[in-house]
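Asker: One structure, pasted below without further comment.
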Amino acid sequence: MPSNDDRSFTERAADFLDSIGLEDLTEDYREENNAGDDRLADAFDPLPDALAEVPEVHEVNKVNTHRDGDDILVPVVPVIFEDAGEPAMDTVWDVGGTTLEAIHSVFEEF
């Protein structure tokens with residue numbers, strides 16, 4: 001189990017709400033977030049030289065609701081490049097494509 005230092009404030013706050021019985025107060029999409037992180041870790045192993053760190057799902061936002069009542073979710077995935085300045089466009093396309101391919105299956109039903 002990760003230490004508290006390894007987990008985001010949001011995860012720790014959600015765990016606290018869970019512990020006092022308020023886990024259903026709002027949807028937090030932790031399962032989707034964690035699944036996306038796992039897929040990204042696999043997709044970027046080994047870490048390309050162009051990246052400073054493995055991209056992770058920073059947050060999952062509910063942006064609307066389908067007519068059938070299911071949520072429409074949008075994952076936010078910041079990508080930190082190794083070098084300052086503007087990366088080569090081919091690198092941006094490669095990293096962006098790999099990122100989308102990695103998390104698409106997690107969020108495609110939404």
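How things are named: the first chain in the structure tokens is A, the next is B, and so on; residues count from 1 in each chain; ligands count from 1 in the order shown.
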Step one, run DSSP on the backbone; step two, keep only residues of chain A assigned to strand (DSSP E); then write them as a list in words.
Answerer: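 Assigned to strand (DSSP E), within chain A: Glu59, Val60, Asn61, Lys62, Val63, Asn64, Thr65, Asp71, Ile72, Leu73, Val74, Pro75 and Val76 of chain A.
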Asker: Take the residues that were just selected and, keeping N, CA, C and O atoms, output them as an mmCIF file, in the first residue's frame.
Answerer:
data_model
loop_
_atom_site.group_PDB
_atom_site.id
_atom_site.type_symbol
_atom_site.label_atom_id
_atom_site.label_comp_id
_atom_site.auth_asym_id
_atom_site.auth_seq_id
_atom_site.Cartn_x
_atom_site.Cartn_y
_atom_site.Cartn_z
ATOM 1 N N GLU A 59 -6.819 14.393 -13.437
ATOM 2 C CA GLU A 59 -8.191 14.421 -12.951
ATOM 3 C C GLU A 59 -9.115 13.870 -14.021
ATOM 4 O O GLU A 59 -8.743 13.771 -15.185
ATOM 5 N N VAL A 60 -10.299 13.498 -13.595
ATOM 6 C CA VAL A 60 -11.341 13.031 -14.511
ATOM 7 C C VAL A 60 -12.543 13.931 -14.288
ATOM 8 O O VAL A 60 -13.062 14.013 -13.177
ATOM 9 N N ASN A 61 -12.931 14.638 -15.328
ATOM 10 C CA ASN A 61 -14.044 15.583 -15.208
ATOM 11 C C ASN A 61 -15.298 15.047 -15.881
ATOM 12 O O ASN A 61 -15.243 14.549 -17.004
ATOM 13 N N LYS A 62 -16.406 15.170 -15.180
ATOM 14 C CA LYS A 62 -17.712 14.882 -15.777
ATOM 15 C C LYS A 62 -18.146 16.173 -16.466
ATOM 16 O O LYS A 62 -18.310 17.203 -15.817
ATOM 17 N N VAL A 63 -18.309 16.115 -17.788
ATOM 18 C CA VAL A 63 -18.634 17.334 -18.528
ATOM 19 C C VAL A 63 -20.086 17.397 -18.964
ATOM 20 O O VAL A 63 -20.570 18.457 -19.336
ATOM 21 N N ASN A 64 -20.780 16.268 -18.912
ATOM 22 C CA ASN A 64 -22.176 16.243 -19.316
ATOM 23 C C ASN A 64 -22.738 14.854 -19.016
ATOM 24 O O ASN A 64 -22.045 13.989 -18.489
ATOM 25 N N THR A 65 -23.984 14.660 -19.406
ATOM 26 C CA THR A 65 -24.643 13.371 -19.243
ATOM 27 C C THR A 65 -25.276 12.981 -20.565
ATOM 28 O O THR A 65 -25.919 13.806 -21.216
ATOM 29 N N ASP A 71 -22.629 9.143 -17.570
ATOM 30 C CA ASP A 71 -21.771 10.322 -17.527
ATOM 31 C C ASP A 71 -20.883 10.415 -18.765
ATOM 32 O O ASP A 71 -20.460 9.398 -19.311
ATOM 33 N N ILE A 72 -20.585 11.640 -19.160
ATOM 34 C CA ILE A 72 -19.592 11.910 -20.196
ATOM 35 C C ILE A 72 -18.357 12.406 -19.458
ATOM 36 O O ILE A 72 -18.390 13.451 -18.801
ATOM 37 N N LEU A 73 -17.272 11.638 -19.539
ATOM 38 C CA LEU A 73 -16.051 11.945 -18.800
ATOM 39 C C LEU A 73 -14.934 12.390 -19.723
ATOM 40 O O LEU A 73 -14.809 11.899 -20.845
ATOM 41 N N VAL A 74 -14.108 13.314 -19.223
ATOM 42 C CA VAL A 74 -12.928 13.771 -19.944
ATOM 43 C C VAL A 74 -11.731 13.663 -19.004
ATOM 44 O O VAL A 74 -11.696 14.326 -17.963
ATOM 45 N N PRO A 75 -10.752 12.818 -19.357
ATOM 46 C CA PRO A 75 -9.549 12.735 -18.532
ATOM 47 C C PRO A 75 -8.598 13.885 -18.878
ATOM 48 O O PRO A 75 -8.488 14.290 -20.031
ATOM 49 N N VAL A 76 -7.921 14.409 -17.863
ATOM 50 C CA VAL A 76 -6.921 15.456 -18.052
ATOM 51 C C VAL A 76 -5.561 14.830 -17.760
ATOM 52 O O VAL A 76 -5.333 14.331 -16.653
#
Asker: Using only C-alpha atoms, which of A:Ala84, A:Phe9, A:Thr99, A:Gly69 sits nearest A:Asp38?
Answerer: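 Among the listed residues, the smallest separation from A:Asp38 belongs to A:Thr99.
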Asker: Check the smallest atom-to-atom distance from each of A:Glu31, A:Glu53, A:Asp37, A:Asp45 to A:Phe81 using only C-alpha atoms, then report the winner.
Answerer: A:Glu53
Asker: Can you pull out every residue within 12 Å of A:Gly96, counting only C-alpha atoms, but drop anything in the same chain fewer than 3 positions away, and send it as a VMD selection string?
Answerer: chain A and resid 40 43 to 44 51 55 77 to 81 89 to 93 99 to 104
Asker: Counting only C-alpha atoms, figure out which residue out of A:Ala52, A:Val95, A:Ala35, A:Ile20 gets nearest to A:Phe107.
Answerer: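 Nearest candidate to A:Phe107 out of A:Ala52, A:Val95, A:Ala35, A:Ile20: A:Ala35.
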